[in-house]
Amino acid sequence: MSVRATIAVFIVLVIGGFNAPPALVHSARILGFFPSVSPSHLFIHCGVANALAEAGHNVTVLSSTKNPYKLTKYNYIQLDLPLFPKEFLSRLVTKEQSLIARYPYFIKEVAQLSNQSLANPRLRQFLATHGEGSFDLLILGYFMNDFHLGLGAHFKVPIVVSFMVQPIFAVHNLVKNPIEPAYVPTLFSERKQPLSFWGRVENFVVALFETYYMTLLVERESQKYYHYNFPSDRYPPLDEVRKNVSLIFTNHHFSQGPIRPNVPNLIEIGGIQIKEKPDPLPTDIAKVLDESKEGVIYFSLGSNIKGSHLNEEKIKIMFNVISKLPYKVLWKWSPTELPGESKNIIFRDWLPQDDILAHPNVKLFITHGGMGSVVESQYHGVPMVGIPLFGDQPSNMVNVERSGYGLAVDYLTLSEESLNNAIQDVLNNPKYKEAVQTFSRLYRDRPMTPRETVVYWVDYVLRHKGAKHMQSPAVHMNRWQLLSLDVIGFLLAIVLTISVVIVKVCKLICCRGRKNKLPKVEKAKKN
Ligand SMILES: *[C@@H]1O[C@H](CO)[C@@H](O)[C@H](O)[C@H]1NC(C)=O
Ligand SMILES: *[C@@H]1O[C@H](CO)[C@@H](O)[C@H](O)[C@H]1NC(C)=O
Ligand SMILES: *[C@@H]1O[C@H](CO)[C@@H](O)[C@H](O)[C@H]1NC(C)=O
């Protein structure tokens, strides 16, 4: 050992002492690839990356758009990858397509955008200069972009997948989490446990549609683009790469429901994007919140929807209702011209949502019902009025309503009356606030915080070289085996063989018997 190294070890032992966090000792090089087509997904994935960076790992993030957090410890590389195109969002909002037509369109669109991402010149440059040995672990921001798992093969590292909400069919498929349609509603069937008979009928059909049709579609699209980007002369097949998925982090917690069995390598980190302690608010916003003892309303339709996506008539309705409320309103609005001016409304094109919702004077959150927003509101115990637009938002708001945390109004039939009634009801009836605050206490009650959970399990995967022992054996089985079709076929064959033998034997016995008996009967008839 050189003199310098000896001194370094000595200093670590003496100064660091035995209290140094263990993660610092084996700091790993972790690559986060977050090609998210929607900025809201980045809050979750970067939350994971940040927890690891703060624990002392060397984390490099390659991402589609700008860093959603300030003051982070990871090394952030903004690649400017393609996001959801504007027409695409408008098309989803208007719901002009049926569900059956919308999802395949959605999957194809996402796969194509993900393919474009891999053509990004800065990414190509990065991949040309970094390969095997550059990193110890890959974290992939997941959104039906299975073929991006090929990066795990590029770096020859274990893969951790990060997902924004409760797992959907494609996520279950990655780790072969069981689908239990009799009592686990899928994200898209909008049902609540326990399922009634009709609920089970609907859920069964939706689950079949998702597990067979949609999963096969994702598979087909992934294979197509995988072959293009990770040619077989240099890379293993996608099916092999998939087996290197060590963990899935899902931004969900069972207290939100539904209750379901999970394989051991699916880890719930619901609320990872929420700061355990809020950051200080900008002074002007802090002043409004501190001074409005009667309460403040926070209004945001999320990071995807800009004013220009919404219909003017609906914007007018929202403005008319909100400008008449006897409360101060913080309205996140960007970037088009303001819908109007009113003394009680403060417009900003960006607001620190999590820190605002943490303020005790916030009385109501008017939201689009995106999962991130709903969870933050639930975490901080703020009741909601939702105006869901597309994707999982309507089903998120159905859950909010059913759980009693607030009310939803339909965007397509939005009127001043419907919006105002919902707002007045949630503001004046204490039951909404009580329900959401009870939930908030449940949601926070865990053995480890979401950040601690992330750090623990990533260290675990690193310590155990991919932790393959956690994988479900189902990952290594094919469809027939999983449905036990081969076993059923085998047993049927046995039953059939035995039946045939029995029938044959019976026939033999009967025939012989008949030969002996027949003449007697004939004799009897004659007599
Ligand atoms: C993927 O993107 C590249 C680069 O834009 C393009 O040349 C290629 O045709 C695309 N692959 C497929 C299968 O469409
Ligand atoms: C962190 O990892 C990156 C990528 O391997 C490397 O370029 C960089 O030098 C590392 N930084 C430190 C402080 O070790
Ligand atoms: C799987 O990960 C290991 C490292 O844990 C790596 O050596 C191997 O090449 C990877 N295999 C594939 C198919 O990506």
# chains A, B, ... in the order shown; residues from 1 in each chain; ligands from 1
call {"tool": "select_by_dssp", "arguments": {"residues": "region 130-296 of chain A", "states": "alpha helix (DSSP H)", "output": "CSV table (one decimal) with all heavy atoms, in the first residue's frame"}}
result
chain,number,residue,atom,x,y,z
A,150,GLY,N,-31.7,-3.1,-23.5
A,150,GLY,CA,-30.5,-3.4,-24.2
A,150,GLY,C,-29.3,-2.6,-23.6
A,150,GLY,O,-28.2,-3.1,-23.8
A,151,LEU,N,-29.5,-1.5,-23.0
A,151,LEU,CA,-28.4,-0.7,-22.5
A,151,LEU,C,-27.8,-1.5,-21.3
A,151,LEU,O,-26.6,-1.4,-21.1
A,151,LEU,CB,-28.9,0.6,-21.9
A,151,LEU,CG,-29.4,1.6,-23.0
A,151,LEU,CD1,-29.9,2.9,-22.4
A,151,LEU,CD2,-28.2,2.0,-23.9
A,152,GLY,N,-28.6,-2.3,-20.6
A,152,GLY,CA,-28.0,-3.2,-19.6
A,152,GLY,C,-27.0,-4.2,-20.2
A,152,GLY,O,-26.0,-4.4,-19.6
A,153,ALA,N,-27.3,-4.6,-21.4
A,153,ALA,CA,-26.4,-5.6,-22.1
A,153,ALA,C,-25.2,-4.8,-22.6
A,153,ALA,O,-24.0,-5.3,-22.6
A,153,ALA,CB,-27.1,-6.2,-23.2
A,154,HIS,N,-25.4,-3.5,-23.0
A,154,HIS,CA,-24.3,-2.7,-23.4
A,154,HIS,C,-23.2,-2.5,-22.3
A,154,HIS,O,-22.0,-2.6,-22.6
A,154,HIS,CB,-24.8,-1.3,-23.9
A,154,HIS,CG,-23.8,-0.4,-24.4
A,154,HIS,ND1,-23.3,-0.4,-25.7
A,154,HIS,CD2,-23.0,0.6,-23.8
A,154,HIS,CE1,-22.4,0.5,-25.9
A,154,HIS,NE2,-22.2,1.1,-24.7
A,155,PHE,N,-23.7,-2.2,-21.1
A,155,PHE,CA,-22.8,-2.0,-20.0
A,155,PHE,C,-22.5,-3.3,-19.2
A,155,PHE,O,-21.7,-3.3,-18.3
A,155,PHE,CB,-23.4,-0.9,-19.0
A,155,PHE,CG,-23.5,0.4,-19.7
A,155,PHE,CD1,-24.8,0.9,-20.0
A,155,PHE,CD2,-22.4,1.2,-20.0
A,155,PHE,CE1,-24.9,2.2,-20.6
A,155,PHE,CE2,-22.6,2.4,-20.6
A,155,PHE,CZ,-23.8,2.9,-20.9
A,169,PHE,N,-49.8,-3.9,-16.6
A,169,PHE,CA,-49.5,-5.3,-17.2
A,169,PHE,C,-48.1,-5.4,-17.7
A,169,PHE,O,-47.4,-6.4,-17.5
A,169,PHE,CB,-50.5,-5.5,-18.4
A,169,PHE,CG,-50.3,-4.5,-19.5
A,169,PHE,CD1,-49.6,-4.8,-20.6
A,169,PHE,CD2,-50.9,-3.3,-19.4
A,169,PHE,CE1,-49.4,-3.9,-21.6
A,169,PHE,CE2,-50.7,-2.3,-20.5
A,169,PHE,CZ,-50.0,-2.6,-21.5
A,170,ALA,N,-47.5,-4.4,-18.4
A,170,ALA,CA,-46.2,-4.5,-18.9
A,170,ALA,C,-45.1,-4.6,-17.8
A,170,ALA,O,-44.1,-5.3,-18.0
A,170,ALA,CB,-45.9,-3.3,-19.8
A,171,VAL,N,-45.4,-4.0,-16.7
A,171,VAL,CA,-44.4,-4.0,-15.6
A,171,VAL,C,-44.5,-5.4,-14.9
A,171,VAL,O,-43.5,-6.0,-14.6
A,171,VAL,CB,-44.7,-2.9,-14.6
A,171,VAL,CG1,-43.8,-3.0,-13.4
A,171,VAL,CG2,-44.6,-1.5,-15.3
A,172,HIS,N,-45.7,-5.9,-14.7
A,172,HIS,CA,-45.9,-7.2,-14.1
A,172,HIS,C,-45.2,-8.2,-15.0
A,172,HIS,O,-44.5,-9.1,-14.5
A,172,HIS,CB,-47.4,-7.6,-14.1
A,172,HIS,CG,-48.2,-6.8,-13.1
A,172,HIS,ND1,-47.8,-6.5,-11.8
A,172,HIS,CD2,-49.4,-6.1,-13.3
A,172,HIS,CE1,-48.7,-5.8,-11.2
A,172,HIS,NE2,-49.7,-5.5,-12.1
A,173,ASN,N,-45.3,-8.0,-16.3
A,173,ASN,CA,-44.7,-9.0,-17.2
A,173,ASN,C,-43.2,-9.1,-17.1
A,173,ASN,O,-42.6,-10.1,-17.2
A,173,ASN,CB,-45.1,-8.6,-18.6
A,173,ASN,CG,-44.7,-9.7,-19.6
A,173,ASN,OD1,-44.9,-10.8,-19.4
A,173,ASN,ND2,-44.1,-9.2,-20.7
A,174,LEU,N,-42.5,-7.9,-16.7
A,174,LEU,CA,-41.1,-7.9,-16.6
A,174,LEU,C,-40.5,-8.8,-15.5
A,174,LEU,O,-39.5,-9.4,-15.7
A,174,LEU,CB,-40.6,-6.5,-16.3
A,174,LEU,CG,-40.5,-5.5,-17.5
A,174,LEU,CD1,-40.1,-4.1,-17.0
A,174,LEU,CD2,-39.6,-6.0,-18.5
A,175,VAL,N,-41.3,-8.9,-14.4
A,175,VAL,CA,-40.8,-9.7,-13.3
A,175,VAL,C,-41.8,-10.9,-13.0
A,175,VAL,O,-41.7,-11.6,-12.1
A,175,VAL,CB,-40.6,-8.9,-12.0
A,175,VAL,CG1,-39.4,-8.1,-12.1
A,175,VAL,CG2,-41.8,-8.0,-11.7
A,197,PHE,N,-69.7,-9.1,-8.7
A,197,PHE,CA,-69.7,-10.0,-9.9
A,197,PHE,C,-69.4,-9.3,-11.2
A,197,PHE,O,-68.6,-9.7,-12.0
A,197,PHE,CB,-71.1,-10.7,-9.9
A,197,PHE,CG,-71.2,-11.6,-11.2
A,197,PHE,CD1,-70.4,-12.8,-11.2
A,197,PHE,CD2,-72.0,-11.2,-12.2
A,197,PHE,CE1,-70.5,-13.6,-12.4
A,197,PHE,CE2,-72.0,-12.0,-13.4
A,197,PHE,CZ,-71.3,-13.2,-13.4
A,198,TRP,N,-70.2,-8.1,-11.4
A,198,TRP,CA,-70.0,-7.4,-12.7
A,198,TRP,C,-68.6,-6.8,-12.7
A,198,TRP,O,-68.0,-6.7,-13.8
A,198,TRP,CB,-71.1,-6.4,-12.9
A,198,TRP,CG,-72.4,-7.0,-13.1
A,198,TRP,CD1,-73.5,-7.0,-12.3
A,198,TRP,CD2,-72.7,-7.9,-14.2
A,198,TRP,NE1,-74.5,-7.8,-12.8
A,198,TRP,CE2,-74.1,-8.4,-14.0
A,198,TRP,CE3,-72.1,-8.4,-15.3
A,198,TRP,CZ2,-74.7,-9.2,-14.8
A,198,TRP,CZ3,-72.7,-9.3,-16.2
A,198,TRP,CH2,-74.0,-9.7,-15.9
A,199,GLY,N,-68.1,-6.4,-11.6
A,199,GLY,CA,-66.7,-5.9,-11.5
A,199,GLY,C,-65.7,-6.9,-11.9
A,199,GLY,O,-64.8,-6.6,-12.7
A,200,ARG,N,-66.0,-8.2,-11.5
A,200,ARG,CA,-65.1,-9.2,-11.9
A,200,ARG,C,-65.2,-9.6,-13.4
A,200,ARG,O,-64.2,-9.9,-14.0
A,200,ARG,CB,-65.3,-10.5,-11.0
A,200,ARG,CG,-64.8,-10.3,-9.6
A,200,ARG,CD,-64.9,-11.6,-8.8
A,200,ARG,NE,-66.2,-11.9,-8.5
A,200,ARG,CZ,-66.8,-13.1,-8.7
A,200,ARG,NH1,-66.1,-14.1,-9.2
A,200,ARG,NH2,-68.1,-13.3,-8.3
A,201,VAL,N,-66.4,-9.5,-13.9
A,201,VAL,CA,-66.5,-9.7,-15.3
A,201,VAL,C,-65.7,-8.7,-16.1
A,201,VAL,O,-64.9,-9.0,-16.9
A,201,VAL,CB,-68.0,-9.6,-15.7
A,201,VAL,CG1,-68.2,-9.7,-17.2
A,201,VAL,CG2,-68.8,-10.8,-15.1
A,202,GLU,N,-65.9,-7.4,-15.7
A,202,GLU,CA,-65.2,-6.3,-16.5
A,202,GLU,C,-63.7,-6.5,-16.3
A,202,GLU,O,-62.9,-6.4,-17.2
A,202,GLU,CB,-65.6,-5.0,-15.9
A,202,GLU,CG,-64.9,-3.8,-16.7
A,202,GLU,CD,-65.0,-2.5,-15.9
A,202,GLU,OE1,-66.1,-2.0,-15.8
A,202,GLU,OE2,-63.9,-2.0,-15.5
A,203,ASN,N,-63.3,-6.7,-15.0
A,203,ASN,CA,-61.9,-6.8,-14.8
A,203,ASN,C,-61.2,-8.0,-15.5
A,203,ASN,O,-60.1,-7.9,-16.0
A,203,ASN,CB,-61.7,-6.9,-13.3
A,203,ASN,CG,-60.3,-6.6,-12.9
A,203,ASN,OD1,-59.7,-5.6,-13.2
A,203,ASN,ND2,-59.6,-7.5,-12.2
A,204,PHE,N,-62.0,-9.1,-15.6
A,204,PHE,CA,-61.4,-10.3,-16.2
A,204,PHE,C,-61.2,-10.0,-17.7
A,204,PHE,O,-60.1,-10.3,-18.2
A,204,PHE,CB,-62.5,-11.4,-16.1
A,204,PHE,CG,-62.0,-12.7,-16.5
A,204,PHE,CD1,-61.1,-13.5,-15.7
A,204,PHE,CD2,-62.3,-13.2,-17.8
A,204,PHE,CE1,-60.7,-14.7,-16.2
A,204,PHE,CE2,-61.8,-14.4,-18.3
A,204,PHE,CZ,-61.0,-15.2,-17.5
A,205,VAL,N,-62.2,-9.3,-18.3
A,205,VAL,CA,-62.0,-9.0,-19.7
A,205,VAL,C,-60.9,-8.0,-20.0
A,205,VAL,O,-60.0,-8.2,-20.8
A,205,VAL,CB,-63.4,-8.5,-20.3
A,205,VAL,CG1,-63.2,-8.0,-21.7
A,205,VAL,CG2,-64.5,-9.5,-20.2
A,206,VAL,N,-60.8,-7.0,-19.1
A,206,VAL,CA,-59.7,-6.0,-19.3
A,206,VAL,C,-58.4,-6.7,-19.0
A,206,VAL,O,-57.4,-6.5,-19.8
A,206,VAL,CB,-59.9,-4.8,-18.3
A,206,VAL,CG1,-58.7,-3.9,-18.4
A,206,VAL,CG2,-61.2,-4.1,-18.6
A,207,ALA,N,-58.3,-7.6,-18.0
A,207,ALA,CA,-57.0,-8.2,-17.7
A,207,ALA,C,-56.6,-9.1,-18.9
A,207,ALA,O,-55.4,-9.2,-19.2
A,207,ALA,CB,-57.2,-9.0,-16.4
A,208,LEU,N,-57.6,-9.8,-19.5
A,208,LEU,CA,-57.2,-10.7,-20.6
A,208,LEU,C,-56.7,-9.8,-21.8
A,208,LEU,O,-55.7,-10.1,-22.4
A,208,LEU,CB,-58.5,-11.4,-21.1
A,208,LEU,CG,-58.9,-12.7,-20.5
A,208,LEU,CD1,-60.1,-13.3,-21.3
A,208,LEU,CD2,-57.7,-13.7,-20.6
A,215,THR,N,-49.8,-7.0,-24.0
A,215,THR,CA,-48.4,-7.4,-23.7
A,215,THR,C,-47.7,-7.9,-25.0
A,215,THR,O,-46.6,-7.6,-25.3
A,215,THR,CB,-48.4,-8.6,-22.7
A,215,THR,OG1,-49.2,-8.1,-21.6
A,215,THR,CG2,-47.0,-8.9,-22.2
A,216,LEU,N,-48.5,-8.6,-25.9
A,216,LEU,CA,-47.9,-9.1,-27.1
A,216,LEU,C,-47.6,-7.9,-28.0
A,216,LEU,O,-46.6,-8.0,-28.7
A,216,LEU,CB,-48.9,-10.0,-27.8
A,216,LEU,CG,-49.1,-11.4,-27.2
A,216,LEU,CD1,-50.1,-12.3,-28.0
A,216,LEU,CD2,-47.7,-12.1,-27.2
A,217,LEU,N,-48.4,-6.9,-28.0
A,217,LEU,CA,-48.1,-5.7,-28.8
A,217,LEU,C,-46.9,-5.0,-28.4
A,217,LEU,O,-46.0,-4.7,-29.2
A,217,LEU,CB,-49.3,-4.8,-28.7
A,217,LEU,CG,-49.4,-3.7,-29.7
A,217,LEU,CD1,-49.5,-4.2,-31.1
A,217,LEU,CD2,-50.5,-2.7,-29.4
A,218,VAL,N,-46.7,-4.9,-27.0
A,218,VAL,CA,-45.5,-4.3,-26.5
A,218,VAL,C,-44.3,-5.1,-26.9
A,218,VAL,O,-43.2,-4.6,-27.4
A,218,VAL,CB,-45.5,-4.1,-25.0
A,218,VAL,CG1,-44.2,-3.7,-24.4
A,218,VAL,CG2,-46.6,-3.2,-24.5
A,219,GLU,N,-44.5,-6.4,-26.8
A,219,GLU,CA,-43.4,-7.4,-27.2
A,219,GLU,C,-43.0,-7.2,-28.7
A,219,GLU,O,-41.8,-7.1,-29.0
A,219,GLU,CB,-44.0,-8.8,-26.9
A,219,GLU,CG,-43.0,-9.9,-27.2
A,219,GLU,CD,-41.8,-9.9,-26.3
A,219,GLU,OE1,-41.9,-9.5,-25.1
A,219,GLU,OE2,-40.7,-10.4,-26.7
A,220,ARG,N,-44.0,-7.2,-29.5
A,220,ARG,CA,-43.7,-7.1,-30.9
A,220,ARG,C,-43.0,-5.8,-31.3
A,220,ARG,O,-42.0,-5.8,-32.0
A,220,ARG,CB,-45.1,-7.1,-31.7
A,220,ARG,CG,-44.9,-7.7,-33.1
A,220,ARG,CD,-46.2,-7.6,-33.9
A,220,ARG,NE,-46.6,-6.2,-34.0
A,220,ARG,CZ,-47.9,-5.8,-34.3
A,220,ARG,NH1,-48.8,-6.7,-34.5
A,220,ARG,NH2,-48.2,-4.6,-34.4
A,221,GLU,N,-43.5,-4.7,-30.7
A,221,GLU,CA,-42.9,-3.4,-31.0
A,221,GLU,C,-41.4,-3.4,-30.5
A,221,GLU,O,-40.5,-2.9,-31.1
A,221,GLU,CB,-43.6,-2.3,-30.3
A,221,GLU,CG,-45.0,-2.0,-30.9
A,221,GLU,CD,-45.0,-1.5,-32.3
A,221,GLU,OE1,-44.4,-0.4,-32.5
A,221,GLU,OE2,-45.5,-2.2,-33.2
A,222,SER,N,-41.3,-3.9,-29.2
A,222,SER,CA,-39.9,-3.9,-28.6
A,222,SER,C,-38.9,-4.7,-29.4
A,222,SER,O,-37.8,-4.3,-29.6
A,222,SER,CB,-40.0,-4.6,-27.2
A,222,SER,OG,-40.9,-3.9,-26.4
A,223,GLN,N,-39.4,-5.9,-29.9
A,223,GLN,CA,-38.5,-6.8,-30.7
A,223,GLN,C,-38.0,-6.0,-31.9
A,223,GLN,O,-36.8,-6.1,-32.3
A,223,GLN,CB,-39.2,-8.1,-31.1
A,223,GLN,CG,-39.4,-9.0,-29.9
A,223,GLN,CD,-38.1,-9.7,-29.4
A,223,GLN,OE1,-37.0,-9.4,-29.9
A,223,GLN,NE2,-38.3,-10.4,-28.3
A,224,LYS,N,-39.0,-5.4,-32.6
A,224,LYS,CA,-38.7,-4.7,-33.8
A,224,LYS,C,-37.5,-3.6,-33.6
A,224,LYS,O,-36.5,-3.6,-34.3
A,224,LYS,CB,-39.9,-4.0,-34.3
A,224,LYS,CG,-39.8,-3.3,-35.6
A,224,LYS,CD,-41.2,-2.9,-36.1
A,224,LYS,CE,-41.8,-1.6,-35.5
A,224,LYS,NZ,-43.2,-1.3,-35.8
A,225,TYR,N,-37.7,-2.8,-32.6
A,225,TYR,CA,-36.7,-1.7,-32.3
A,225,TYR,C,-35.5,-2.3,-31.7
A,225,TYR,O,-34.4,-1.7,-31.8
A,225,TYR,CB,-37.4,-0.6,-31.5
A,225,TYR,CG,-38.5,0.1,-32.2
A,225,TYR,CD1,-39.8,0.0,-31.8
A,225,TYR,CD2,-38.2,0.8,-33.4
A,225,TYR,CE1,-40.8,0.6,-32.5
A,225,TYR,CE2,-39.2,1.5,-34.1
A,225,TYR,CZ,-40.5,1.4,-33.6
A,225,TYR,OH,-41.5,2.0,-34.3
A,226,TYR,N,-35.6,-3.3,-30.9
A,226,TYR,CA,-34.4,-3.9,-30.3
A,226,TYR,C,-33.4,-4.4,-31.3
A,226,TYR,O,-32.3,-4.1,-31.3
A,226,TYR,CB,-34.8,-5.1,-29.3
A,226,TYR,CG,-33.6,-5.6,-28.6
A,226,TYR,CD1,-33.2,-5.0,-27.4
A,226,TYR,CD2,-32.9,-6.8,-29.0
A,226,TYR,CE1,-32.1,-5.5,-26.7
A,226,TYR,CE2,-31.8,-7.3,-28.4
A,226,TYR,CZ,-31.4,-6.6,-27.2
A,226,TYR,OH,-30.3,-7.1,-26.5
A,227,HIS,N,-34.0,-5.1,-32.3
A,227,HIS,CA,-33.1,-5.7,-33.4
A,227,HIS,C,-32.4,-4.5,-34.1
A,227,HIS,O,-31.3,-4.7,-34.5
A,227,HIS,CB,-33.9,-6.5,-34.4
A,227,HIS,CG,-34.3,-7.8,-33.8
A,227,HIS,ND1,-33.4,-8.7,-33.3
A,227,HIS,CD2,-35.5,-8.4,-33.6
A,227,HIS,CE1,-34.0,-9.8,-32.9
A,227,HIS,NE2,-35.3,-9.6,-33.0
A,228,TYR,N,-33.1,-3.4,-34.3
A,228,TYR,CA,-32.5,-2.3,-35.0
A,228,TYR,C,-31.4,-1.7,-34.2
A,228,TYR,O,-30.3,-1.4,-34.7
A,228,TYR,CB,-33.6,-1.2,-35.3
A,228,TYR,CG,-33.0,0.0,-36.0
A,228,TYR,CD1,-32.7,0.0,-37.3
A,228,TYR,CD2,-32.6,1.1,-35.2
A,228,TYR,CE1,-32.1,1.0,-37.9
A,228,TYR,CE2,-32.0,2.2,-35.8
A,228,TYR,CZ,-31.8,2.1,-37.2
A,228,TYR,OH,-31.2,3.2,-37.8
A,229,ASN,N,-31.6,-1.5,-32.9
A,229,ASN,CA,-30.7,-0.7,-32.1
A,229,ASN,C,-29.6,-1.6,-31.4
A,229,ASN,O,-28.5,-1.1,-31.1
A,229,ASN,CB,-31.4,0.0,-30.9
A,229,ASN,CG,-32.2,1.2,-31.5
A,229,ASN,OD1,-31.7,2.2,-31.9
A,229,ASN,ND2,-33.5,1.0,-31.5
A,238,LEU,N,-33.2,-10.0,-26.7
A,238,LEU,CA,-34.0,-9.2,-25.7
A,238,LEU,C,-34.5,-10.1,-24.5
A,238,LEU,O,-34.5,-9.7,-23.4
A,238,LEU,CB,-35.1,-8.5,-26.4
A,238,LEU,CG,-36.1,-7.6,-25.5
A,238,LEU,CD1,-35.3,-6.6,-24.7
A,238,LEU,CD2,-37.2,-6.9,-26.3
A,239,ASP,N,-34.9,-11.3,-24.9
A,239,ASP,CA,-35.4,-12.2,-23.8
A,239,ASP,C,-34.4,-12.5,-22.8
A,239,ASP,O,-34.7,-12.7,-21.6
A,239,ASP,CB,-35.9,-13.5,-24.4
A,239,ASP,CG,-37.2,-13.3,-25.3
A,239,ASP,OD1,-37.9,-12.3,-25.0
A,239,ASP,OD2,-37.5,-14.1,-26.2
A,240,GLU,N,-33.1,-12.6,-23.2
A,240,GLU,CA,-32.0,-12.8,-22.2
A,240,GLU,C,-31.8,-11.6,-21.4
A,240,GLU,O,-31.6,-11.6,-20.2
A,240,GLU,CB,-30.7,-13.2,-23.0
A,240,GLU,CG,-30.7,-14.6,-23.5
A,240,GLU,CD,-31.0,-15.6,-22.5
A,240,GLU,OE1,-30.4,-15.6,-21.4
A,240,GLU,OE2,-32.0,-16.4,-22.7
A,241,VAL,N,-31.8,-10.4,-22.0
A,241,VAL,CA,-31.6,-9.1,-21.3
A,241,VAL,C,-32.6,-8.9,-20.3
A,241,VAL,O,-32.3,-8.4,-19.2
A,241,VAL,CB,-31.6,-8.0,-22.4
A,241,VAL,CG1,-31.5,-6.7,-21.7
A,241,VAL,CG2,-30.4,-8.2,-23.3
A,242,ARG,N,-33.9,-9.3,-20.6
A,242,ARG,CA,-35.0,-9.1,-19.6
A,242,ARG,C,-34.7,-9.8,-18.3
A,242,ARG,O,-35.2,-9.4,-17.3
A,242,ARG,CB,-36.3,-9.6,-20.3
A,242,ARG,CG,-37.2,-8.5,-20.6
A,242,ARG,CD,-38.6,-9.0,-20.8
A,242,ARG,NE,-39.2,-8.2,-21.8
A,242,ARG,CZ,-39.5,-8.5,-23.0
A,242,ARG,NH1,-39.3,-9.8,-23.4
A,242,ARG,NH2,-39.9,-7.7,-23.9
A,283,THR,N,-40.2,33.7,-1.3
A,283,THR,CA,-40.7,34.6,-0.3
A,283,THR,C,-42.1,35.1,-0.6
A,283,THR,O,-43.0,35.2,0.3
A,283,THR,CB,-39.8,35.8,0.0
A,283,THR,OG1,-39.2,36.2,-1.3
A,283,THR,CG2,-38.6,35.4,0.9
A,284,ASP,N,-42.4,35.5,-1.9
A,284,ASP,CA,-43.7,36.0,-2.2
A,284,ASP,C,-44.8,35.0,-1.9
A,284,ASP,O,-45.9,35.3,-1.4
A,284,ASP,CB,-43.8,36.6,-3.6
A,284,ASP,CG,-43.3,35.6,-4.6
A,284,ASP,OD1,-42.6,34.6,-4.3
A,284,ASP,OD2,-43.7,35.7,-5.8
A,285,ILE,N,-44.5,33.7,-2.3
A,285,ILE,CA,-45.5,32.7,-2.1
A,285,ILE,C,-45.7,32.4,-0.7
A,285,ILE,O,-46.8,32.2,-0.1
A,285,ILE,CB,-45.1,31.4,-2.9
A,285,ILE,CG1,-44.8,31.7,-4.4
A,285,ILE,CG2,-46.1,30.3,-2.7
A,285,ILE,CD1,-46.1,32.0,-5.2
A,286,ALA,N,-44.6,32.3,0.1
A,286,ALA,CA,-44.6,32.1,1.5
A,286,ALA,C,-45.5,33.1,2.2
A,286,ALA,O,-46.3,32.8,3.1
A,286,ALA,CB,-43.2,32.1,2.1
A,287,LYS,N,-45.3,34.4,1.8
A,287,LYS,CA,-46.1,35.5,2.4
A,287,LYS,C,-47.6,35.3,2.2
A,287,LYS,O,-48.4,35.4,3.1
A,287,LYS,CB,-45.6,36.8,1.7
A,287,LYS,CG,-46.1,38.0,2.4
A,287,LYS,CD,-45.2,39.2,2.1
A,287,LYS,CE,-45.8,40.5,2.7
A,287,LYS,NZ,-46.7,41.2,1.8
A,288,VAL,N,-48.0,34.9,0.9
A,288,VAL,CA,-49.4,34.7,0.7
A,288,VAL,C,-49.9,33.6,1.6
A,288,VAL,O,-51.0,33.7,2.2
A,288,VAL,CB,-49.6,34.3,-0.8
A,288,VAL,CG1,-51.0,33.9,-1.1
A,288,VAL,CG2,-49.2,35.4,-1.7
A,289,LEU,N,-49.2,32.5,1.6
A,289,LEU,CA,-49.7,31.3,2.4
A,289,LEU,C,-49.7,31.6,3.9
A,289,LEU,O,-50.7,31.3,4.6
A,289,LEU,CB,-48.8,30.1,2.1
A,289,LEU,CG,-49.0,29.4,0.8
A,289,LEU,CD1,-47.9,28.6,0.4
A,289,LEU,CD2,-50.3,28.6,0.8
A,290,ASP,N,-48.7,32.3,4.4
A,290,ASP,CA,-48.6,32.6,5.8
A,290,ASP,C,-49.7,33.5,6.3
A,290,ASP,O,-50.3,33.4,7.3
A,290,ASP,CB,-47.3,33.1,6.2
A,290,ASP,CG,-46.2,32.1,6.1
A,290,ASP,OD1,-46.5,30.9,6.1
A,290,ASP,OD2,-45.0,32.5,6.0
A,291,GLU,N,-50.0,34.5,5.4
A,291,GLU,CA,-50.9,35.6,5.8
A,291,GLU,C,-52.4,35.2,5.6
A,291,GLU,O,-53.3,35.9,6.1
A,291,GLU,CB,-50.6,36.9,5.1
A,291,GLU,CG,-49.3,37.5,5.6
A,291,GLU,CD,-48.8,38.7,4.8
A,291,GLU,OE1,-49.5,39.1,3.9
A,291,GLU,OE2,-47.8,39.2,5.2
call {"tool": "closest_atom_pairs", "arguments": {"of": "region 289-400 of chain A", "to": "region 426-444 of chain A", "cutoff": "9 Å", "atoms": "only C-alpha atoms", "output": "tab-separated table"}}
result
residue	atom	partner	partner_atom	distance
A:Lys363	CA	A:Leu427	CA	7.1
A:Leu364	CA	A:Leu427	CA	6.9
A:Ser377	CA	A:Val436	CA	8.4
A:Gln378	CA	A:Ser440	CA	5.6
A:Tyr379	CA	A:Ser440	CA	4.9
A:His380	CA	A:Ser440	CA	6.4
A:Gly381	CA	A:Gln437	CA	4.3
A:Val382	CA	A:Lys433	CA	6.5
A:Pro383	CA	A:Lys433	CA	5.3
A:Met384	CA	A:Val426	CA	7.3
A:Val385	CA	A:Val426	CA	7.3
call {"tool": "closest_residue", "arguments": {"among": "A:Glu180, A:Asp392, A:Asp349, A:Glu341", "to": "Pro258 (chain A)", "atoms": "only C-alpha atoms"}}
result
A:Glu180
call {"tool": "closest_residue", "arguments": {"among": "A:Leu412, A:Ile259, A:Met397, A:Val475", "to": "Asn311 (chain A)", "atoms": "only C-alpha atoms"}}
result
A:Leu412
